[in-house]
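J.: Pasting protein_6.txt here (compact mmCIF, C-alpha atoms):
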```txt
# COMPACT_ATOMS: atom_id res chain seq x y z
CA MET A 161 -7.79 -60.92 -118.17
CA LYS A 162 -4.91 -58.84 -119.45
CA LYS A 163 -5.21 -58.96 -123.24
CA ILE A 164 -8.51 -59.77 -124.89
CA LEU A 165 -9.62 -60.69 -128.41
CA VAL A 166 -13.30 -59.97 -129.11
CA THR A 167 -14.91 -61.62 -132.15
CA GLY A 168 -18.12 -60.13 -133.53
CA ALA A 169 -16.90 -56.77 -132.26
CA SER A 170 -19.06 -54.77 -134.68
CA GLY A 171 -22.32 -56.31 -133.45
CA GLN A 172 -24.83 -55.13 -130.88
CA ILE A 173 -23.00 -56.52 -127.85
CA GLY A 174 -19.48 -56.44 -129.28
CA SER A 175 -19.38 -52.77 -130.22
CA GLU A 176 -20.28 -51.69 -126.69
CA LEU A 177 -18.30 -54.43 -124.96
CA VAL A 178 -15.07 -53.43 -126.70
CA THR A 179 -15.51 -49.84 -125.50
CA LYS A 180 -16.21 -51.01 -121.95
CA LEU A 181 -13.24 -53.39 -121.91
CA ARG A 182 -10.89 -50.70 -123.22
CA GLU A 183 -12.01 -48.39 -120.44
CA ASN A 184 -11.28 -51.11 -117.88
CA TYR A 185 -8.12 -52.75 -119.26
CA GLY A 186 -6.59 -50.17 -121.60
CA ALA A 187 -7.26 -49.53 -125.29
CA SER A 188 -4.17 -51.38 -126.53
CA ASN A 189 -5.13 -54.52 -124.59
CA VAL A 190 -8.45 -55.12 -126.34
CA ILE A 191 -8.40 -56.28 -129.97
CA GLY A 192 -11.71 -56.06 -131.79
CA SER A 193 -12.38 -58.32 -134.76
CA ASP A 194 -15.18 -58.87 -137.26
CA ILE A 195 -15.77 -59.49 -140.95
CA ARG A 196 -15.94 -55.72 -141.41
CA LYS A 197 -14.66 -52.71 -139.49
CA ARG A 198 -16.98 -50.05 -138.10
CA GLU A 199 -16.31 -46.52 -139.32
CA ASP A 200 -15.97 -45.21 -135.77
CA GLU A 201 -13.53 -47.95 -134.68
CA GLU A 202 -10.45 -46.36 -133.05
CA GLY A 203 -8.54 -49.12 -131.26
CA PRO A 204 -6.70 -52.28 -132.40
CA PHE A 205 -8.84 -54.18 -134.89
CA GLU A 206 -8.48 -57.19 -137.19
CA ILE A 207 -10.67 -58.34 -140.06
CA ILE A 208 -11.49 -62.01 -139.28
CA ASP A 209 -13.97 -64.54 -140.58
CA VAL A 210 -14.38 -66.87 -137.61
CA THR A 211 -15.12 -69.78 -139.93
CA ASN A 212 -11.45 -69.47 -140.98
CA ALA A 213 -9.70 -71.30 -138.15
CA GLU A 214 -6.17 -70.41 -139.28
CA SER A 215 -6.91 -66.68 -139.40
CA LEU A 216 -8.43 -66.76 -135.92
CA PHE A 217 -5.47 -68.67 -134.51
CA GLU A 218 -2.86 -66.41 -136.11
CA THR A 219 -4.61 -63.27 -134.85
CA ALA A 220 -4.79 -64.55 -131.26
CA LYS A 221 -1.13 -65.59 -131.41
CA LYS A 222 0.00 -62.34 -133.06
CA HIS A 223 -1.50 -60.22 -130.29
CA ASN A 224 -0.48 -62.64 -127.51
CA VAL A 225 -3.98 -62.57 -125.99
CA ASP A 226 -4.92 -64.46 -122.84
CA THR A 227 -8.69 -64.27 -123.33
CA ILE A 228 -11.15 -64.75 -126.20
CA MET A 229 -14.67 -63.32 -125.99
CA HIS A 230 -16.47 -65.00 -128.85
CA LEU A 231 -19.58 -63.08 -129.92
CA ALA A 232 -19.71 -63.68 -133.69
CA ALA A 233 -23.09 -65.25 -134.52
CA LEU A 234 -26.34 -64.91 -136.43
CA LEU A 235 -29.28 -64.02 -134.16
CA SER A 236 -32.63 -65.76 -133.83
CA ALA A 237 -34.88 -64.33 -136.55
CA LYS A 238 -32.05 -64.04 -139.08
CA ALA A 239 -30.84 -67.56 -138.32
CA GLU A 240 -34.32 -68.93 -138.93
CA SER A 241 -34.34 -67.49 -142.45
CA ILE A 242 -30.97 -69.06 -143.39
CA PRO A 243 -30.57 -72.05 -141.04
CA GLN A 244 -27.66 -73.77 -142.80
CA THR A 245 -25.64 -70.56 -142.87
CA ALA A 246 -26.47 -70.06 -139.19
CA TRP A 247 -25.19 -73.54 -138.32
CA ASN A 248 -21.97 -73.03 -140.26
CA LEU A 249 -21.26 -69.67 -138.64
CA ASN A 250 -22.59 -70.23 -135.14
CA MET A 251 -21.21 -73.73 -134.60
CA GLY A 252 -18.22 -73.68 -136.93
CA GLY A 253 -17.05 -70.35 -135.55
CA LEU A 254 -17.50 -71.51 -131.96
CA MET A 255 -15.54 -74.71 -132.54
CA ASN A 256 -12.72 -72.74 -134.14
CA ALA A 257 -12.60 -70.27 -131.26
CA LEU A 258 -12.60 -73.05 -128.68
CA GLU A 259 -9.77 -74.79 -130.50
CA VAL A 260 -7.72 -71.58 -130.40
CA ALA A 261 -8.42 -71.30 -126.65
CA ARG A 262 -7.32 -74.92 -126.17
CA GLU A 263 -4.15 -74.62 -128.23
CA LEU A 264 -3.05 -71.32 -126.68
CA ASP A 265 -4.40 -71.97 -123.15
CA LEU A 266 -6.76 -68.97 -123.14
CA GLN A 267 -9.68 -68.01 -120.95
CA PHE A 268 -12.89 -68.19 -122.98
CA PHE A 269 -16.32 -66.52 -122.95
CA THR A 270 -19.27 -66.96 -125.27
CA PRO A 271 -22.90 -66.01 -124.65
CA SER A 272 -25.84 -68.37 -124.80
CA SER A 273 -29.43 -67.15 -124.81
CA ILE A 274 -32.96 -67.74 -123.57
CA GLY A 275 -33.36 -69.03 -127.12
CA ALA A 276 -31.80 -72.25 -125.85
CA PHE A 277 -35.08 -73.00 -124.09
CA GLY A 278 -38.10 -74.41 -125.90
CA PRO A 279 -41.87 -74.85 -125.53
CA MET A 280 -41.44 -77.78 -123.09
CA THR A 281 -39.33 -75.65 -120.73
CA PRO A 282 -41.11 -74.30 -117.61
CA LYS A 283 -42.11 -70.76 -118.57
CA LEU A 284 -42.20 -69.08 -115.14
CA ARG A 285 -38.96 -68.63 -113.18
CA THR A 286 -37.26 -71.05 -115.55
CA PRO A 287 -34.59 -72.90 -113.53
CA GLN A 288 -30.89 -72.95 -114.34
CA ASP A 289 -31.04 -76.71 -114.96
CA THR A 290 -34.14 -77.76 -116.88
CA ILE A 291 -35.40 -79.41 -120.06
CA MET A 292 -34.11 -77.69 -123.20
CA ARG A 293 -35.75 -78.65 -126.49
CA PRO A 294 -35.62 -75.52 -128.69
CA THR A 295 -37.56 -75.39 -131.94
CA THR A 296 -35.36 -72.88 -133.78
CA MET A 297 -31.95 -73.23 -135.45
CA TYR A 298 -30.64 -70.44 -133.20
CA GLY A 299 -31.82 -72.33 -130.12
CA VAL A 300 -30.31 -75.59 -131.34
CA ASN A 301 -27.01 -73.75 -131.90
CA LYS A 302 -27.11 -72.32 -128.38
CA VAL A 303 -27.81 -75.64 -126.65
CA ALA A 304 -25.08 -77.34 -128.69
CA GLY A 305 -22.75 -74.45 -127.88
CA GLU A 306 -23.38 -74.75 -124.14
CA LEU A 307 -22.60 -78.46 -124.26
CA LEU A 308 -19.52 -77.88 -126.40
CA CYS A 309 -18.14 -75.34 -123.92
CA ASP A 310 -18.80 -77.77 -121.06
CA TYR A 311 -16.98 -80.46 -123.05
CA TYR A 312 -13.90 -78.28 -123.63
CA TYR A 313 -13.76 -77.48 -119.92
CA HIS A 314 -14.09 -81.09 -118.73
CA ARG A 315 -12.08 -82.73 -121.55
CA PHE A 316 -9.30 -80.20 -122.11
CA GLY A 317 -9.39 -77.91 -119.07
CA VAL A 318 -10.26 -74.77 -121.08
CA ASP A 319 -11.54 -72.07 -118.71
CA THR A 320 -14.87 -71.61 -120.49
CA ARG A 321 -17.55 -69.29 -119.08
CA GLY A 322 -20.86 -67.95 -120.35
CA VAL A 323 -24.29 -66.52 -119.63
CA ARG A 324 -27.76 -67.05 -121.10
CA TYR A 325 -28.74 -63.59 -122.25
CA PRO A 326 -32.33 -62.43 -122.41
CA GLY A 327 -33.31 -59.80 -124.98
CA LEU A 328 -30.81 -56.95 -124.81
CA ILE A 329 -31.85 -53.30 -124.98
CA SER A 330 -29.46 -50.51 -125.97
CA TYR A 331 -29.55 -46.94 -127.25
CA MET A 332 -26.08 -47.27 -128.80
CA THR A 333 -26.43 -49.85 -131.56
CA PRO A 334 -29.34 -50.79 -133.86
CA PRO A 335 -31.12 -54.17 -133.59
CA GLY A 336 -29.45 -57.07 -135.35
CA GLY A 337 -32.13 -59.58 -136.29
CA GLY A 338 -33.34 -60.79 -132.90
CA THR A 339 -36.86 -61.66 -131.78
CA THR A 340 -36.73 -59.15 -128.92
CA ASP A 341 -35.65 -56.24 -131.16
CA TYR A 342 -39.07 -54.61 -130.72
CA ALA A 343 -37.99 -53.59 -127.23
CA VAL A 344 -35.32 -51.36 -128.79
CA GLU A 345 -37.37 -50.15 -131.76
CA ILE A 346 -40.25 -49.05 -129.55
CA TYR A 347 -38.12 -46.35 -127.88
CA TYR A 348 -36.82 -44.90 -131.14
CA GLU A 349 -40.31 -44.79 -132.63
CA ALA A 350 -41.76 -43.29 -129.46
CA ILE A 351 -39.35 -40.36 -129.70
CA LYS A 352 -39.56 -39.92 -133.49
CA ASN A 353 -43.23 -40.65 -134.21
CA LYS A 354 -45.02 -40.97 -130.86
CA LYS A 355 -46.33 -44.39 -131.90
CA TYR A 356 -45.12 -47.93 -132.58
CA THR A 357 -46.54 -51.03 -134.25
CA SER A 358 -45.31 -54.15 -132.48
CA TYR A 359 -44.65 -57.37 -134.37
CA ILE A 360 -44.94 -59.23 -131.04
CA ALA A 361 -48.46 -59.78 -129.71
CA GLU A 362 -49.97 -58.27 -126.59
CA ASN A 363 -49.39 -60.18 -123.35
CA THR A 364 -46.30 -61.96 -124.74
CA TYR A 365 -43.78 -61.85 -121.93
CA MET A 366 -40.05 -62.26 -122.47
CA ASP A 367 -36.97 -61.58 -120.37
CA MET A 368 -34.98 -58.43 -121.14
CA MET A 369 -31.86 -56.68 -119.87
CA TYR A 370 -30.37 -53.23 -120.32
CA MET A 371 -26.97 -53.28 -122.00
CA PRO A 372 -24.97 -51.77 -119.10
CA ASP A 373 -26.04 -54.72 -116.93
CA ALA A 374 -25.23 -57.16 -119.74
CA LEU A 375 -21.69 -55.81 -120.13
CA ASN A 376 -21.02 -55.71 -116.40
CA ALA A 377 -22.14 -59.34 -116.14
CA ILE A 378 -19.49 -60.47 -118.62
CA ILE A 379 -16.68 -58.73 -116.79
CA GLN A 380 -17.92 -59.84 -113.39
CA LEU A 381 -18.17 -63.47 -114.48
CA MET A 382 -14.76 -63.47 -116.19
CA GLU A 383 -13.12 -62.04 -113.09
CA ALA A 384 -14.90 -64.43 -110.69
CA ASP A 385 -13.03 -67.07 -108.71
CA SER A 386 -12.99 -70.19 -110.88
CA GLU A 387 -13.35 -72.48 -107.88
CA LYS A 388 -16.72 -70.93 -106.98
CA LEU A 389 -18.25 -71.61 -110.40
CA ILE A 390 -20.41 -74.72 -110.29
CA HIS A 391 -22.26 -74.22 -113.56
CA ARG A 392 -19.50 -72.24 -115.30
CA ASN A 393 -21.24 -71.99 -118.70
CA ALA A 394 -24.66 -70.58 -119.59
CA PHE A 395 -25.74 -68.94 -116.35
CA ASN A 396 -29.33 -67.65 -116.41
CA ILE A 397 -29.29 -63.85 -116.03
CA SER A 398 -32.13 -61.36 -116.38
CA SER A 399 -33.54 -58.18 -114.88
CA ILE A 400 -36.87 -57.51 -116.64
CA SER A 401 -39.80 -59.70 -117.68
CA ALA A 402 -42.11 -57.64 -119.88
CA ALA A 403 -44.66 -57.64 -122.70
CA PRO A 404 -45.02 -54.84 -125.31
CA GLU A 405 -47.74 -53.09 -123.29
CA ASP A 406 -45.41 -52.88 -120.26
CA PHE A 407 -42.90 -50.89 -122.31
CA ALA A 408 -45.73 -48.71 -123.62
CA ARG A 409 -46.94 -47.88 -120.09
CA GLU A 410 -43.45 -46.84 -119.01
CA ILE A 411 -42.93 -44.75 -122.14
CA GLN A 412 -46.28 -43.00 -121.61
CA LYS A 413 -45.01 -41.73 -118.25
CA HIS A 414 -42.53 -39.65 -120.26
CA ILE A 415 -44.43 -39.30 -123.58
CA PRO A 416 -48.14 -39.34 -122.66
CA GLU A 417 -49.36 -39.25 -126.26
CA PHE A 418 -47.47 -42.42 -127.23
CA GLU A 419 -49.62 -45.08 -128.95
CA LEU A 420 -48.94 -48.80 -129.25
CA ASN A 421 -50.46 -50.88 -132.06
CA TYR A 422 -49.95 -54.47 -133.21
CA ASP A 423 -49.21 -56.20 -136.51
CA VAL A 424 -47.96 -59.61 -135.43
CA ASP A 425 -45.18 -61.34 -137.36
CA PRO A 426 -46.06 -65.06 -137.13
CA VAL A 427 -42.43 -66.21 -137.40
CA ARG A 428 -41.09 -64.05 -134.58
CA GLN A 429 -44.26 -64.55 -132.52
CA LYS A 430 -43.82 -68.32 -132.70
CA ILE A 431 -40.22 -67.95 -131.54
CA ALA A 432 -41.27 -65.67 -128.67
CA GLU A 433 -43.95 -68.10 -127.50
CA SER A 434 -41.38 -70.90 -127.33
CA TRP A 435 -39.27 -68.93 -124.83
CA PRO A 436 -39.79 -68.47 -121.07
CA ASP A 437 -41.83 -65.63 -119.59
CA SER A 438 -39.27 -65.20 -116.80
CA ILE A 439 -36.08 -66.97 -115.73
CA ASP A 440 -34.44 -67.66 -112.38
CA SER A 441 -31.03 -65.97 -112.03
CA SER A 442 -30.31 -67.18 -108.49
CA ASN A 443 -27.39 -69.45 -109.44
CA ALA A 444 -25.55 -66.54 -111.06
CA ALA A 445 -26.18 -64.46 -107.93
CA GLU A 446 -24.92 -67.21 -105.63
CA GLU A 447 -21.86 -68.30 -107.62
CA TRP A 448 -20.45 -64.95 -108.79
CA GLY A 449 -22.59 -62.19 -107.33
CA PHE A 450 -24.73 -61.22 -110.34
CA LYS A 451 -27.13 -58.37 -109.63
CA ALA A 452 -28.78 -56.15 -112.24
CA GLU A 453 -29.00 -52.41 -111.57
CA TYR A 454 -31.75 -51.48 -114.05
CA ASP A 455 -35.45 -52.31 -113.88
CA ILE A 456 -37.87 -51.30 -116.65
CA ALA A 457 -38.61 -47.89 -115.12
CA ARG A 458 -34.98 -46.84 -114.69
CA MET A 459 -34.06 -48.24 -118.09
CA THR A 460 -36.91 -46.42 -119.85
CA LYS A 461 -35.93 -43.10 -118.32
CA ASP A 462 -32.33 -43.57 -119.44
CA MET A 463 -33.26 -44.82 -122.94
CA ILE A 464 -35.50 -41.82 -123.60
CA GLU A 465 -32.91 -39.36 -122.33
CA LYS A 466 -30.05 -40.90 -124.33
CA ILE A 467 -31.97 -41.42 -127.58
CA SER A 468 -33.36 -37.88 -127.42
CA ILE A 469 -29.82 -36.51 -127.22
CA LYS A 470 -28.66 -38.88 -129.96
```
Show me this structure written as structure tokens.
T.:
Amino acid sequence: MKKILVTGASGQIGSELVTKLRENYGASNVIGSDIRKREDEEGPFEIIDVTNAESLFETAKKHNVDTIMHLAALLSAKAESIPQTAWNLNMGGLMNALEVARELDLQFFTPSSIGAFGPMTPKLRTPQDTIMRPTTMYGVNKVAGELLCDYYYHRFGVDTRGVRYPGLISYMTPPGGGTTDYAVEIYYEAIKNKKYTSYIAENTYMDMMYMPDALNAIIQLMEADSEKLIHRNAFNISSISAAPEDFAREIQKHIPEFELNYDVDPVRQKIAESWPDSIDSSNAAEEWGFKAEYDIARMTKDMIEKISIK
């Protein structure tokens, strides 16, 4: 990677990824893009609607990029409320980005998600290769996207790569409509109000990951030797499997008076129950050396410190 175009650069992952990439590859070599520009954006940036194929192509050509990191998408809970819009953005935008990568011979990354799994998927240590029958529009988009990236690699030779993200936790950017957003909100509420009401039920386990590990995984995968990648797209990666009460216990080590309550949202709860409790990341470790640095204890300590300062 020498010059990188990031779509969805104002989102939860994109805003932090652009900063990380600019630190690694130089500010002028990373072009952020989104349908709107963040107020604190300082580097090269283009306003792009990824459903406009011509605009995406012209931007990539104008900046002479060699890599596209395609992050523009609607997340799980939001996608479920407007499924047709989600399909048009998530799948139409992905197809456009892949076509640009094919036409300009670019390296390509897009994230999948544990949302690609469904209620028939094994829930404990979910394997890399397993049954995938999601029951949400977001999940359907992610499975279709994984297959589409595989197709562009095998049919056209596009160097496509990707990971299946668990829920992502960050102190930098607010939640963006995902089912696992409670795992970010709980820290903010713990510091501000010493209590939190979870919309996810007790004993509902889902995979999570701290954002620094999520960003490092992208860079590590994109820099990996292509010949060693067997799966190439949609690698399982995770570092934490936790329920709301697990976060509460860790927070109480730092804020003893913290209280956790529940008011379950049936829509997001149903989505959460369709996902695995824990996934197996061994293929990512074997093929490109994935290893997370943060467990729930280390992440909680860092989240509380950073949010308190913020």
J.: Would you kindly return, as an NGL selection string, each protein, DNA or RNA residue with an atom no farther than 8 Å from any atom of Asn256 of chain A, considering only C-alpha atoms and excluding same-chain residues fewer than 5 positions away?
T.: :A and (210-213 or 216)
J.: Give the answer as one residue: which of A:Glu447, A:Asp440, A:Asp194, A:Asp226 has the shortest atom-to-atom distance to Pro287 of chain A, using all atoms listed in the file?
T.: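 Of A:Glu447, A:Asp440, A:Asp194, A:Asp226, the one nearest Pro287 of chain A, counting all atoms listed in the file, is A:Asp440.
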J.: So what do you get for atom CA of Glu202 of chain A versus atom CA of Thr219 of chain A, distance-wise?
T.: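 Answer for the atom CA of Glu202 of chain A to atom CA of Thr219 of chain A separation: 18.0 Å.
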J.: Could you tell me how far atom CA of Ile360 of chain A lies from atom CA of Ala403 of chain A, in Å and to one decimal?
T.: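 Computing the Euclidean distance for atom CA of Ile360 of chain A and atom CA of Ala403 of chain A yields 8.5 Å.
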J.: Do you have the atom CA of Ser468 of chain A-atom CA of Ile378 of chain A distance handy?
T.: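 The value is 27.9 Å.
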J.: Between segment 338-365 of chain A and segment 272-285 of chain A, at 12 Å or less, what are the per-residue closest atom pairs and their distances in Å? Count only C-alpha atoms, order by chain and rising residue number, and return it as a Markdown table.
T.:
```
| residue | atom | partner | partner_atom | distance |
| --- | --- | --- | --- | --- |
| A:Gly338 | CA | A:Gly275 | CA | 10.1 |
| A:Thr339 | CA | A:Gly275 | CA | 9.4 |
| A:Thr340 | CA | A:Gly275 | CA | 10.6 |
| A:Thr364 | CA | A:Lys283 | CA | 11.5 |
| A:Tyr365 | CA | A:Lys283 | CA | 9.7 |
```
J.: With distances taken over all atoms listed in the file, which residue among A:Asp310, A:Asp341, A:Asp385, A:Glu240 lies nearest Tyr298 of chain A?
T.: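 Distance minimum relative to Tyr298 of chain A lands on A:Glu240.
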J.: Quick one: residues within 10 Å of Glu345 of chain A, all atoms listed in the file counted, chain neighbours fewer than 3 positions away excluded, as a list of chain:residue names?
T.: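 That gives A:Ile329, A:Ser330, A:Tyr331, A:Pro334, A:Pro335, A:Thr340, A:Asp341, A:Tyr342, A:Tyr348, A:Glu349, A:Ala350, A:Tyr356, A:Thr357, A:Ser358.
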J.: Let me know the centre plus edge lengths, in Å and rounded to one decimal, of a box with edges along x, y and z that contains all listed atoms of segment 447-462 of chain A and is padded by 6 Å on every side, as JSON.
T.:
```
{"center_x": -29.5, "center_y": -55.7, "center_z": -113.6, "size_x": 30.2, "size_y": 37.2, "size_z": 24.5}
```
J.: Tell me which of A:Ile208, A:Ile173, A:Ala233, A:Ile351 sits closest to Ile469 of chain A, counting all atoms listed in the file.
T.: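 Smallest separation from Ile469 of chain A among the options: A:Ile351.
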J.: Compare A:Thr227, A:Asn396, A:Thr460, A:Thr245 by their minimum atom-to-atom distance to Ala343 of chain A, counting only C-alpha atoms, and give me the closest one.
T.: A:Thr460
J.: Can you pull out the residues contacting Ala257 of chain A? Cut-off 12 Å, using all atoms listed in the file, and skip same-chain residues under 5 positions away; I want them as a PyMOL selection string.
T.: chain A and resi 165-168+208-220+227-232+249-252+262-270+305+308-309+312+318+320
J.: Which of these, A:His391, A:Arg409, A:Arg182, A:Lys162, has the shortest distance to Leu307 of chain A once you count all atoms listed in the file?
T.: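 Selected residue with least distance to Leu307 of chain A: A:His391.
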J.: Produce a table with one row for each residue of segment 214-272 of chain A that has an atom at most 12 Å from any atom of segment 424-430 of chain A, each row naming the nearest atom pair and its distance in Å at one decimal; use all atoms listed in the file; arrange rows by chain and rising residue number; format as a Markdown table.
T.:
```
| residue | atom | partner | partner_atom | distance |
| --- | --- | --- | --- | --- |
| A:Leu235 | CA | A:Arg428 | CA | 11.8 |
| A:Ser236 | CA | A:Arg428 | CA | 8.7 |
| A:Ala237 | CA | A:Arg428 | CA | 6.5 |
| A:Lys238 | CA | A:Arg428 | CA | 10.1 |
| A:Ala239 | CA | A:Arg428 | CA | 11.5 |
| A:Glu240 | CA | A:Val427 | CA | 8.7 |
| A:Ser241 | CA | A:Val427 | CA | 9.6 |
```
J.: At a cut-off of 6 Å around the point (-24.9, -66.8, -115.7) (file coordinates), what residues fall inside when counting only C-alpha atoms? I'd like the answer as a PDB file with C-alpha atoms, in the coordinates of the input.
T.:
```pdb
ATOM      1  CA  VAL A 323     -24.290 -66.520-119.630  1.00  0.00           C
ATOM      2  CA  ALA A 394     -24.660 -70.580-119.590  1.00  0.00           C
ATOM      3  CA  PHE A 395     -25.740 -68.940-116.350  1.00  0.00           C
ATOM      4  CA  ASN A 396     -29.330 -67.650-116.410  1.00  0.00           C
ATOM      5  CA  ILE A 397     -29.290 -63.850-116.030  1.00  0.00           C
ATOM      6  CA  ALA A 444     -25.550 -66.540-111.060  1.00  0.00           C
TER       7      ALA A 444
END
```
J.: For Glu446 of chain A, which residue among A:Leu234, A:Ile195, A:Leu389, A:Val178 is the nearest when counting all atoms listed in the file?
T.: A:Leu389
